[in-house]
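> See work.cif below, with mmCIF, C-alpha atoms and all ligand atoms; chains and numbers go by the auth columns.
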```
data_coords
loop_
_atom_site.group_PDB
_atom_site.id
_atom_site.type_symbol
_atom_site.label_atom_id
_atom_site.label_comp_id
_atom_site.label_asym_id
_atom_site.label_seq_id
_atom_site.Cartn_x
_atom_site.Cartn_y
_atom_site.Cartn_z
_atom_site.B_iso_or_equiv
_atom_site.auth_seq_id
_atom_site.auth_asym_id
ATOM 1 C CA MET A 1 -0.209 16.254 -8.433 0.00 1 Y
ATOM 2 C CA THR A 2 2.038 17.043 -5.491 0.00 2 Y
ATOM 3 C CA LYS A 3 1.395 20.390 -3.825 0.00 3 Y
ATOM 4 C CA VAL A 4 4.484 22.392 -2.887 0.00 4 Y
ATOM 5 C CA ARG A 5 4.705 25.574 -0.832 0.00 5 Y
ATOM 6 C CA HIS A 6 7.331 27.735 0.828 0.00 6 Y
ATOM 7 C CA MET A 7 8.476 26.336 4.151 0.00 7 Y
ATOM 8 C CA THR A 8 7.729 28.370 7.291 0.00 8 Y
ATOM 9 C CA GLY A 9 9.196 28.300 10.779 0.00 9 Y
ATOM 10 C CA GLU A 10 6.187 26.269 11.915 0.00 10 Y
ATOM 11 C CA ASP A 11 7.343 23.377 9.715 0.00 11 Y
ATOM 12 C CA ALA A 12 10.806 23.282 11.288 0.00 12 Y
ATOM 13 C CA ALA A 13 10.297 20.398 13.744 0.00 13 Y
ATOM 14 C CA GLU A 14 8.689 18.142 11.138 0.00 14 Y
ATOM 15 C CA VAL A 15 11.332 18.998 8.543 0.00 15 Y
ATOM 16 C CA ALA A 16 14.173 18.403 11.032 0.00 16 Y
ATOM 17 C CA ALA A 17 12.776 14.925 11.784 0.00 17 Y
ATOM 18 C CA LEU A 18 12.364 14.162 8.075 0.00 18 Y
ATOM 19 C CA LEU A 19 15.936 15.279 7.387 0.00 19 Y
ATOM 20 C CA ALA A 20 17.436 13.269 10.255 0.00 20 Y
ATOM 21 C CA GLY A 21 15.599 10.085 9.232 0.00 21 Y
ATOM 22 C CA SER A 22 16.595 10.538 5.613 0.00 22 Y
ATOM 23 C CA TRP A 23 20.277 10.985 6.493 0.00 23 Y
ATOM 24 C CA GLU A 24 20.273 7.883 8.712 0.00 24 Y
ATOM 25 C CA ARG A 25 18.593 5.679 6.079 0.00 25 Y
ATOM 26 C CA THR A 26 20.459 6.980 3.060 0.00 26 Y
ATOM 27 C CA TYR A 27 23.943 7.866 4.245 0.00 27 Y
ATOM 28 C CA ALA A 28 24.754 5.486 7.101 0.00 28 Y
ATOM 29 C CA PRO A 29 25.270 2.604 4.628 0.00 29 Y
ATOM 30 C CA LEU A 30 27.496 4.865 2.494 0.00 30 Y
ATOM 31 C CA ILE A 31 29.595 6.853 4.989 0.00 31 Y
ATOM 32 C CA GLY A 32 29.024 5.083 8.308 0.00 32 Y
ATOM 33 C CA ALA A 33 26.743 5.685 11.251 0.00 33 Y
ATOM 34 C CA GLU A 34 29.308 7.776 13.142 0.00 34 Y
ATOM 35 C CA LYS A 35 29.687 10.523 10.533 0.00 35 Y
ATOM 36 C CA VAL A 36 25.915 10.524 10.067 0.00 36 Y
ATOM 37 C CA ALA A 37 25.289 10.883 13.818 0.00 37 Y
ATOM 38 C CA ASP A 38 27.636 13.908 13.954 0.00 38 Y
ATOM 39 C CA GLU A 39 25.738 15.599 11.155 0.00 39 Y
ATOM 40 C CA VAL A 40 22.265 14.633 12.357 0.00 40 Y
ATOM 41 C CA ALA A 41 22.994 16.099 15.801 0.00 41 Y
ATOM 42 C CA GLY A 42 23.031 19.488 14.072 0.00 42 Y
ATOM 43 C CA PHE A 43 19.600 19.082 12.509 0.00 43 Y
ATOM 44 C CA THR A 44 17.619 20.679 15.302 0.00 44 Y
ATOM 45 C CA ALA A 45 14.345 22.451 14.621 0.00 45 Y
ATOM 46 C CA GLU A 46 16.065 25.693 15.711 0.00 46 Y
ATOM 47 C CA ARG A 47 18.841 25.301 13.151 0.00 47 Y
ATOM 48 C CA ILE A 48 16.423 24.379 10.346 0.00 48 Y
ATOM 49 C CA ALA A 49 14.275 27.410 11.228 0.00 49 Y
ATOM 50 C CA ALA A 50 17.359 29.671 11.401 0.00 50 Y
ATOM 51 C CA ASP A 51 18.447 28.471 7.944 0.00 51 Y
ATOM 52 C CA LEU A 52 15.258 30.070 6.558 0.00 52 Y
ATOM 53 C CA LYS A 53 16.739 33.466 7.401 0.00 53 Y
ATOM 54 C CA ARG A 54 20.051 32.976 5.579 0.00 54 Y
ATOM 55 C CA PRO A 55 20.414 35.515 2.737 0.00 55 Y
ATOM 56 C CA HIS A 56 19.529 34.257 -0.772 0.00 56 Y
ATOM 57 C CA SER A 57 18.096 31.002 0.566 0.00 57 Y
ATOM 58 C CA GLU A 58 14.719 29.427 -0.179 0.00 58 Y
ATOM 59 C CA ALA A 59 13.057 26.379 1.332 0.00 59 Y
ATOM 60 C CA PHE A 60 10.061 24.441 0.052 0.00 60 Y
ATOM 61 C CA VAL A 61 7.985 21.584 1.413 0.00 61 Y
ATOM 62 C CA ALA A 62 5.909 19.028 -0.473 0.00 62 Y
ATOM 63 C CA LEU A 63 2.573 18.205 1.148 0.00 63 Y
ATOM 64 C CA ALA A 64 1.326 14.642 1.597 0.00 64 Y
ATOM 65 C CA GLU A 65 -2.290 14.099 0.554 0.00 65 Y
ATOM 66 C CA GLY A 66 -3.216 12.678 3.930 0.00 66 Y
ATOM 67 C CA GLY A 67 -1.569 15.615 5.741 0.00 67 Y
ATOM 68 C CA GLY A 68 1.972 16.299 6.819 0.00 68 Y
ATOM 69 C CA ILE A 69 5.139 17.009 4.908 0.00 69 Y
ATOM 70 C CA SER A 70 6.388 14.467 2.365 0.00 70 Y
ATOM 71 C CA GLY A 71 9.522 16.274 1.174 0.00 71 Y
ATOM 72 C CA TYR A 72 11.842 19.222 1.712 0.00 72 Y
ATOM 73 C CA ALA A 73 14.169 21.227 -0.517 0.00 73 Y
ATOM 74 C CA TYR A 74 16.588 23.952 0.539 0.00 74 Y
ATOM 75 C CA ALA A 75 18.628 26.061 -1.862 0.00 75 Y
ATOM 76 C CA ILE A 76 21.006 28.970 -1.377 0.00 76 Y
ATOM 77 C CA VAL A 77 23.208 31.255 -3.451 0.00 77 Y
ATOM 78 C CA GLU A 78 26.707 31.363 -1.987 0.00 78 Y
ATOM 79 C CA LYS A 79 29.533 33.342 -3.561 0.00 79 Y
ATOM 80 C CA GLY A 80 27.445 33.730 -6.705 0.00 80 Y
ATOM 81 C CA VAL A 81 26.707 30.002 -7.111 0.00 81 Y
ATOM 82 C CA LEU A 82 23.213 28.552 -6.624 0.00 82 Y
ATOM 83 C CA TRP A 83 23.360 25.296 -4.655 0.00 83 Y
ATOM 84 C CA LEU A 84 20.574 22.791 -4.121 0.00 84 Y
ATOM 85 C CA ASP A 85 21.760 22.093 -0.601 0.00 85 Y
ATOM 86 C CA ARG A 86 19.111 19.613 0.555 0.00 86 Y
ATOM 87 C CA LEU A 87 16.485 17.518 -1.220 0.00 87 Y
ATOM 88 C CA HIS A 88 14.779 14.810 0.808 0.00 88 Y
ATOM 89 C CA VAL A 89 11.559 12.909 0.200 0.00 89 Y
ATOM 90 C CA ARG A 90 10.004 10.567 2.733 0.00 90 Y
ATOM 91 C CA PRO A 91 10.476 6.955 1.597 0.00 91 Y
ATOM 92 C CA ASP A 92 6.706 6.365 1.371 0.00 92 Y
ATOM 93 C CA HIS A 93 6.523 9.240 -1.139 0.00 93 Y
ATOM 94 C CA GLN A 94 9.569 8.431 -3.258 0.00 94 Y
ATOM 95 C CA GLY A 95 8.647 7.713 -6.875 0.00 95 Y
ATOM 96 C CA SER A 96 5.533 9.886 -6.446 0.00 96 Y
ATOM 97 C CA GLY A 97 6.630 13.054 -8.224 0.00 97 Y
ATOM 98 C CA ALA A 98 7.252 14.925 -4.965 0.00 98 Y
ATOM 99 C CA ALA A 99 10.967 15.242 -5.712 0.00 99 Y
ATOM 100 C CA SER A 100 10.271 16.613 -9.211 0.00 100 Y
ATOM 101 C CA ALA A 101 7.738 19.089 -7.808 0.00 101 Y
ATOM 102 C CA LEU A 102 10.287 20.338 -5.268 0.00 102 Y
ATOM 103 C CA MET A 103 12.973 20.582 -7.946 0.00 103 Y
ATOM 104 C CA SER A 104 10.626 22.607 -10.188 0.00 104 Y
ATOM 105 C CA ALA A 105 9.791 24.968 -7.323 0.00 105 Y
ATOM 106 C CA VAL A 106 13.486 25.620 -6.706 0.00 106 Y
ATOM 107 C CA MET A 107 14.293 26.159 -10.377 0.00 107 Y
ATOM 108 C CA ILE A 108 11.344 28.504 -10.950 0.00 108 Y
ATOM 109 C CA ASN A 109 12.229 30.449 -7.826 0.00 109 Y
ATOM 110 C CA TYR A 110 15.758 31.086 -9.056 0.00 110 Y
ATOM 111 C CA LEU A 111 15.034 31.890 -12.715 0.00 111 Y
ATOM 112 C CA GLY A 112 17.715 34.302 -13.809 0.00 112 Y
ATOM 113 C CA GLU A 113 20.548 32.365 -12.161 0.00 113 Y
ATOM 114 C CA PRO A 114 22.726 30.778 -14.832 0.00 114 Y
ATOM 115 C CA SER A 115 22.893 27.293 -13.307 0.00 115 Y
ATOM 116 C CA ILE A 116 22.151 25.132 -10.286 0.00 116 Y
ATOM 117 C CA SER A 117 24.750 22.904 -8.606 0.00 117 Y
ATOM 118 C CA LEU A 118 24.644 20.173 -5.992 0.00 118 Y
ATOM 119 C CA GLU A 119 26.831 17.684 -4.191 0.00 119 Y
ATOM 120 C CA VAL A 120 25.865 14.022 -4.036 0.00 120 Y
ATOM 121 C CA ILE A 121 27.775 11.242 -2.302 0.00 121 Y
ATOM 122 C CA GLU A 122 29.081 8.561 -4.634 0.00 122 Y
ATOM 123 C CA GLY A 123 26.962 5.429 -4.276 0.00 123 Y
ATOM 124 C CA ASN A 124 23.727 7.351 -3.693 0.00 124 Y
ATOM 125 C CA ASP A 125 22.560 5.853 -6.972 0.00 125 Y
ATOM 126 C CA ARG A 126 18.886 6.676 -6.662 0.00 126 Y
ATOM 127 C CA ALA A 127 19.638 10.367 -6.136 0.00 127 Y
ATOM 128 C CA ILE A 128 22.216 10.418 -8.952 0.00 128 Y
ATOM 129 C CA ARG A 129 19.697 8.776 -11.299 0.00 129 Y
ATOM 130 C CA PHE A 130 17.083 11.351 -10.281 0.00 130 Y
ATOM 131 C CA TYR A 131 19.474 14.254 -10.928 0.00 131 Y
ATOM 132 C CA GLU A 132 20.531 12.844 -14.321 0.00 132 Y
ATOM 133 C CA LYS A 133 16.862 12.546 -15.286 0.00 133 Y
ATOM 134 C CA ASN A 134 16.523 16.207 -14.326 0.00 134 Y
ATOM 135 C CA GLY A 135 19.327 17.352 -16.609 0.00 135 Y
ATOM 136 C CA PHE A 136 22.254 17.453 -14.162 0.00 136 Y
ATOM 137 C CA GLU A 137 25.693 16.368 -15.366 0.00 137 Y
ATOM 138 C CA LEU A 138 28.900 15.550 -13.554 0.00 138 Y
ATOM 139 C CA ALA A 139 30.952 18.730 -13.079 0.00 139 Y
ATOM 140 C CA GLU A 140 33.641 17.660 -10.584 0.00 140 Y
ATOM 141 C CA ARG A 141 34.735 14.853 -8.245 0.00 141 Y
ATOM 142 C CA LYS A 142 35.697 15.713 -4.653 0.00 142 Y
ATOM 143 C CA SER A 143 36.843 13.831 -1.572 0.00 143 Y
ATOM 144 C CA ALA A 144 34.600 15.719 0.865 0.00 144 Y
ATOM 145 C CA CYS A 145 30.867 16.326 1.019 0.00 145 Y
ATOM 146 C CA GLY A 146 30.356 19.783 2.465 0.00 146 Y
ATOM 147 C CA SER A 147 32.375 19.753 5.665 0.00 147 Y
ATOM 148 C CA ILE A 148 32.462 15.930 5.901 0.00 148 Y
ATOM 149 C CA GLN A 149 35.966 14.835 4.935 0.00 149 Y
ATOM 150 C CA GLY A 150 36.920 11.517 3.349 0.00 150 Y
ATOM 151 C CA VAL A 151 33.693 11.032 1.432 0.00 151 Y
ATOM 152 C CA PRO A 152 33.898 10.562 -2.363 0.00 152 Y
ATOM 153 C CA THR A 153 31.429 13.092 -3.728 0.00 153 Y
ATOM 154 C CA LEU A 154 30.182 14.248 -7.101 0.00 154 Y
ATOM 155 C CA VAL A 155 29.400 17.861 -7.931 0.00 155 Y
ATOM 156 C CA MET A 156 26.593 17.897 -10.505 0.00 156 Y
ATOM 157 C CA ARG A 157 25.292 20.936 -12.357 0.00 157 Y
ATOM 158 C CA ARG A 158 22.689 21.953 -14.897 0.00 158 Y
ATOM 159 C CA PRO A 159 21.899 25.253 -16.608 0.00 159 Y
ATOM 160 C CA LEU A 160 18.672 26.975 -15.607 0.00 160 Y
ATOM 161 C CA PRO A 161 16.140 27.917 -18.270 0.00 161 Y
ATOM 162 C CA ARG A 162 16.412 31.555 -19.317 0.00 162 Y
ATOM 163 C CA ALA A 163 13.780 33.753 -17.689 0.00 163 Y
HETATM 164 C C1 LIG B . 16.853 11.653 -4.116 0.00 1 A
HETATM 165 C C2 LIG B . 15.346 11.679 -3.970 0.00 1 A
HETATM 166 C C3 LIG B . 14.888 13.080 -3.550 0.00 1 A
HETATM 167 C C4 LIG B . 14.740 11.363 -5.380 0.00 1 A
HETATM 168 O O1 LIG B . 13.354 11.296 -5.248 0.00 1 A
HETATM 169 P P1 LIG B . 12.557 9.976 -5.755 0.00 1 A
HETATM 170 O O2 LIG B . 11.123 10.211 -5.540 0.00 1 A
HETATM 171 O O3 LIG B . 13.166 8.800 -5.099 0.00 1 A
HETATM 172 O O4 LIG B . 12.935 10.029 -7.287 0.00 1 A
HETATM 173 P P2 LIG B . 12.265 9.238 -8.502 0.00 1 A
HETATM 174 O O5 LIG B . 11.613 7.991 -8.011 0.00 1 A
HETATM 175 O O6 LIG B . 11.473 10.212 -9.291 0.00 1 A
HETATM 176 O O7 LIG B . 13.543 8.899 -9.358 0.00 1 A
HETATM 177 C C5 LIG B . 14.507 8.040 -8.902 0.00 1 A
HETATM 178 C C6 LIG B . 15.056 7.225 -10.069 0.00 1 A
HETATM 179 O O8 LIG B . 15.970 6.279 -9.553 0.00 1 A
HETATM 180 C C7 LIG B . 15.510 4.974 -9.870 0.00 1 A
HETATM 181 N N1 LIG B . 15.859 4.125 -8.738 0.00 1 A
HETATM 182 C C8 LIG B . 15.033 3.644 -7.776 0.00 1 A
HETATM 183 N N2 LIG B . 15.749 2.939 -6.869 0.00 1 A
HETATM 184 C C9 LIG B . 17.031 2.961 -7.296 0.00 1 A
HETATM 185 C C10 LIG B . 18.236 2.403 -6.820 0.00 1 A
HETATM 186 N N3 LIG B . 18.260 1.666 -5.700 0.00 1 A
HETATM 187 N N4 LIG B . 19.385 2.612 -7.500 0.00 1 A
HETATM 188 C C11 LIG B . 19.367 3.355 -8.639 0.00 1 A
HETATM 189 N N5 LIG B . 18.262 3.922 -9.134 0.00 1 A
HETATM 190 C C12 LIG B . 17.101 3.719 -8.489 0.00 1 A
HETATM 191 C C13 LIG B . 14.034 5.108 -10.070 0.00 1 A
HETATM 192 O O9 LIG B . 13.564 4.025 -10.831 0.00 1 A
HETATM 193 C C14 LIG B . 13.959 6.440 -10.768 0.00 1 A
HETATM 194 O O10 LIG B . 14.356 6.381 -12.121 0.00 1 A
HETATM 195 P P3 LIG B . 13.303 6.180 -13.321 0.00 1 A
HETATM 196 O O11 LIG B . 12.239 7.231 -13.153 0.00 1 A
HETATM 197 O O12 LIG B . 14.114 6.352 -14.567 0.00 1 A
HETATM 198 O O13 LIG B . 12.734 4.810 -13.122 0.00 1 A
HETATM 199 C C15 LIG B . 14.832 10.641 -2.940 0.00 1 A
HETATM 200 O O14 LIG B . 15.158 9.324 -3.391 0.00 1 A
HETATM 201 C C16 LIG B . 15.384 10.861 -1.543 0.00 1 A
HETATM 202 O O15 LIG B . 14.842 11.660 -0.778 0.00 1 A
HETATM 203 N N6 LIG B . 16.456 10.129 -1.202 0.00 1 A
HETATM 204 C C17 LIG B . 17.018 10.193 0.137 0.00 1 A
HETATM 205 C C18 LIG B . 17.718 11.532 0.382 0.00 1 A
HETATM 206 C C19 LIG B . 18.757 11.847 -0.666 0.00 1 A
HETATM 207 O O16 LIG B . 19.564 11.015 -1.041 0.00 1 A
HETATM 208 N N7 LIG B . 18.726 13.092 -1.120 0.00 1 A
HETATM 209 C C20 LIG B . 19.661 13.563 -2.109 0.00 1 A
HETATM 210 C C21 LIG B . 20.769 14.236 -1.417 0.00 1 A
HETATM 211 S S1 LIG B . 22.041 14.695 -2.579 0.00 1 A
#
```
Show this structure as structure tokens.
Ligand SMILES: CC(C)(COP(=O)(O)OP(=O)(O)OC[C@H]1O[C@@H](n2cnc3c(N)ncnc32)[C@H](O)[C@@H]1OP(=O)(O)O)[C@@H](O)C(=O)NCCC(=O)NCCS


Amino acid sequence: MTKVRHMTGEDAAEVAALLAGSWERTYAPLIGAEKVADEVAGFTAERIAADLKRPHSEAFVALAEGGGISGYAYAIVEKGVLWLDRLHVRPDHQGSGAASALMSAVMINYLGEPSISLEVIEGNDRAIRFYEKNGFELAERKSACGSIQGVPTLVMRRPLPRA
């Protein structure tokens, strides 16, 4: 059983490192090292800690049995839409249930919202498979992922259980 708890500011440096490594491994083969480097430069511990204070946001970490953080999820309601903005599990904990535990924590936290949406870059097949398994369906195709232009991206969405 993976243990999940709310992230605190004290986790920020470890989460920033996890996030940067995950972007480099996962996205460089899909969108190129240059675009990834631009994005990763913004993942400082200060920024990740500041994101905790954004209105209507929640962040969770999964805890590795041997100590340390094995995964991170960040969600936020923007303009009335709940977005799962970040979900990253350390490679040595993928396939362990950590991702599902983080997803459950987010969904339980936002009970009462009608649905949850996310963006995933086309070709990130493992993530897409994970989201499909968790009830997400294709809602829209876009040519940008967040602020990164020229990246074929899927918007996926699922309803949330009624509270
Ligand atoms: C996306 C992520 C959180 C999912 O967590 P996970 O622990 O890997 O997920 P699971 O192992 O439970 O599920 C992944 C599914 O993809 C399958 N899979 C594994 N490798 C795969 C691959 N190369 N291509 C397609 N599917 C793959 C798994 O078999 C599993 O499906 P199954 O349970 O039906 O067998 C994790 O892979 C991750 O952190 N990836 C890097 C960051 C990322 O891409 N985040 C998403 C941003 S949108």

> Which residues are near Glu132 (chain Y)? Cut-off 10 Å, all atoms listed in the file, ignore same chain within fewer than 4 positions. Put them as a PyMOL selection string.

chain Y and resi 126-128+136-138+156-158

> Give me a file of those residues, with C-alpha atoms, as an mmCIF file, in the frame of the given file.


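This went into again.cif:
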```cif
data_model
loop_
_atom_site.group_PDB
_atom_site.id
_atom_site.type_symbol
_atom_site.label_atom_id
_atom_site.label_comp_id
_atom_site.auth_asym_id
_atom_site.auth_seq_id
_atom_site.Cartn_x
_atom_site.Cartn_y
_atom_site.Cartn_z
ATOM 1 C CA ARG Y 126 18.886 6.676 -6.662
ATOM 2 C CA ALA Y 127 19.638 10.367 -6.136
ATOM 3 C CA ILE Y 128 22.216 10.418 -8.952
ATOM 4 C CA PHE Y 136 22.254 17.453 -14.162
ATOM 5 C CA GLU Y 137 25.693 16.368 -15.366
ATOM 6 C CA LEU Y 138 28.900 15.550 -13.554
ATOM 7 C CA MET Y 156 26.593 17.897 -10.505
ATOM 8 C CA ARG Y 157 25.292 20.936 -12.357
ATOM 9 C CA ARG Y 158 22.689 21.953 -14.897
#
```

> Once the PyMOL selection byres (((not hetatm)) within 6 of (chain A and resi 1)) has been evaluated on this model, what residues remain selected, and can you format them as a ChimeraX atom specification?

/Y:22,26,86-89,94-97,99,119-120,125-127,129-130

> Would you please work out which residue, of Y:Pro55, Y:Gly67, Y:Gly123, Y:Gly135, is nearest to Lys79 (chain Y) when using all atoms listed in the file?

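Closest residue, counting all atoms listed in the file: Y:Pro55.
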
> So, counting all atoms listed in the file, which residue among Y:Pro91, Y:Gly150, Y:Gly9, Y:Gly21 is closest to Ala45 (chain Y)?

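Closest to Ala45 (chain Y), using all atoms listed in the file: Y:Gly9.
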
> Of the residues Y:Ile76, Y:Ala33, Y:Leu63, Y:Ala50, which is the one nearest to Arg5 (chain Y), using all atoms listed in the file?

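Residue with the minimum atom-to-atom distance to Arg5 (chain Y): Y:Leu63.
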
> So how many Å separate CA of Ser117 (chain Y) and CA of Tyr27 (chain Y), to one decimal?

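Going from CA of Ser117 (chain Y) over to CA of Tyr27 (chain Y), I get 19.8 Å.
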
> Hey, what's within 12 Å of Ala13 (chain Y) if we count all atoms listed in the file and toss same-chain stuff fewer than 5 positions away? As an MDAnalysis selection string, please?

chainID Y and resid 7:8 18:20 43:50 68:69

> Quick one: which residues end up in the PyMOL selection byres (((chain Y and resi 105-107) around 8) and not hetatm) for this structure, as an NGL selection string?

:Y and (4 or 58 or 60 or 73 or 75 or 101-104 or 108-111 or 116 or 160)

> Point out the residue among Y:Ala98, Y:Leu30, Y:Val15, Y:Ala59 with the least atom-to-atom distance to Leu84 (chain Y), counting only C-alpha atoms.

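Once distances to Leu84 (chain Y) are computed over only C-alpha atoms, the minimum belongs to Y:Ala59.
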
> Leaving out Ala64 (chain Y) and any residue of its chain fewer than 5 positions from it, which residues lie within 8 Å of it when counting all atoms listed in the file, given as a PyMOL selection string?

chain Y and resi 2-3+69-70+93

> Nearest residue to Ser115 (chain Y) out of Y:Tyr72, Y:Cys145, Y:Glu24, Y:Trp83, using all atoms listed in the file?

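For Ser115 (chain Y), the nearest of the candidates is Y:Trp83.
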
> What's the separation between CA of Glu113 (chain Y) and CA of Leu82 (chain Y), in Å to one decimal place?

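CA of Leu82 (chain Y) lies at a distance of 7.2 Å from CA of Glu113 (chain Y).
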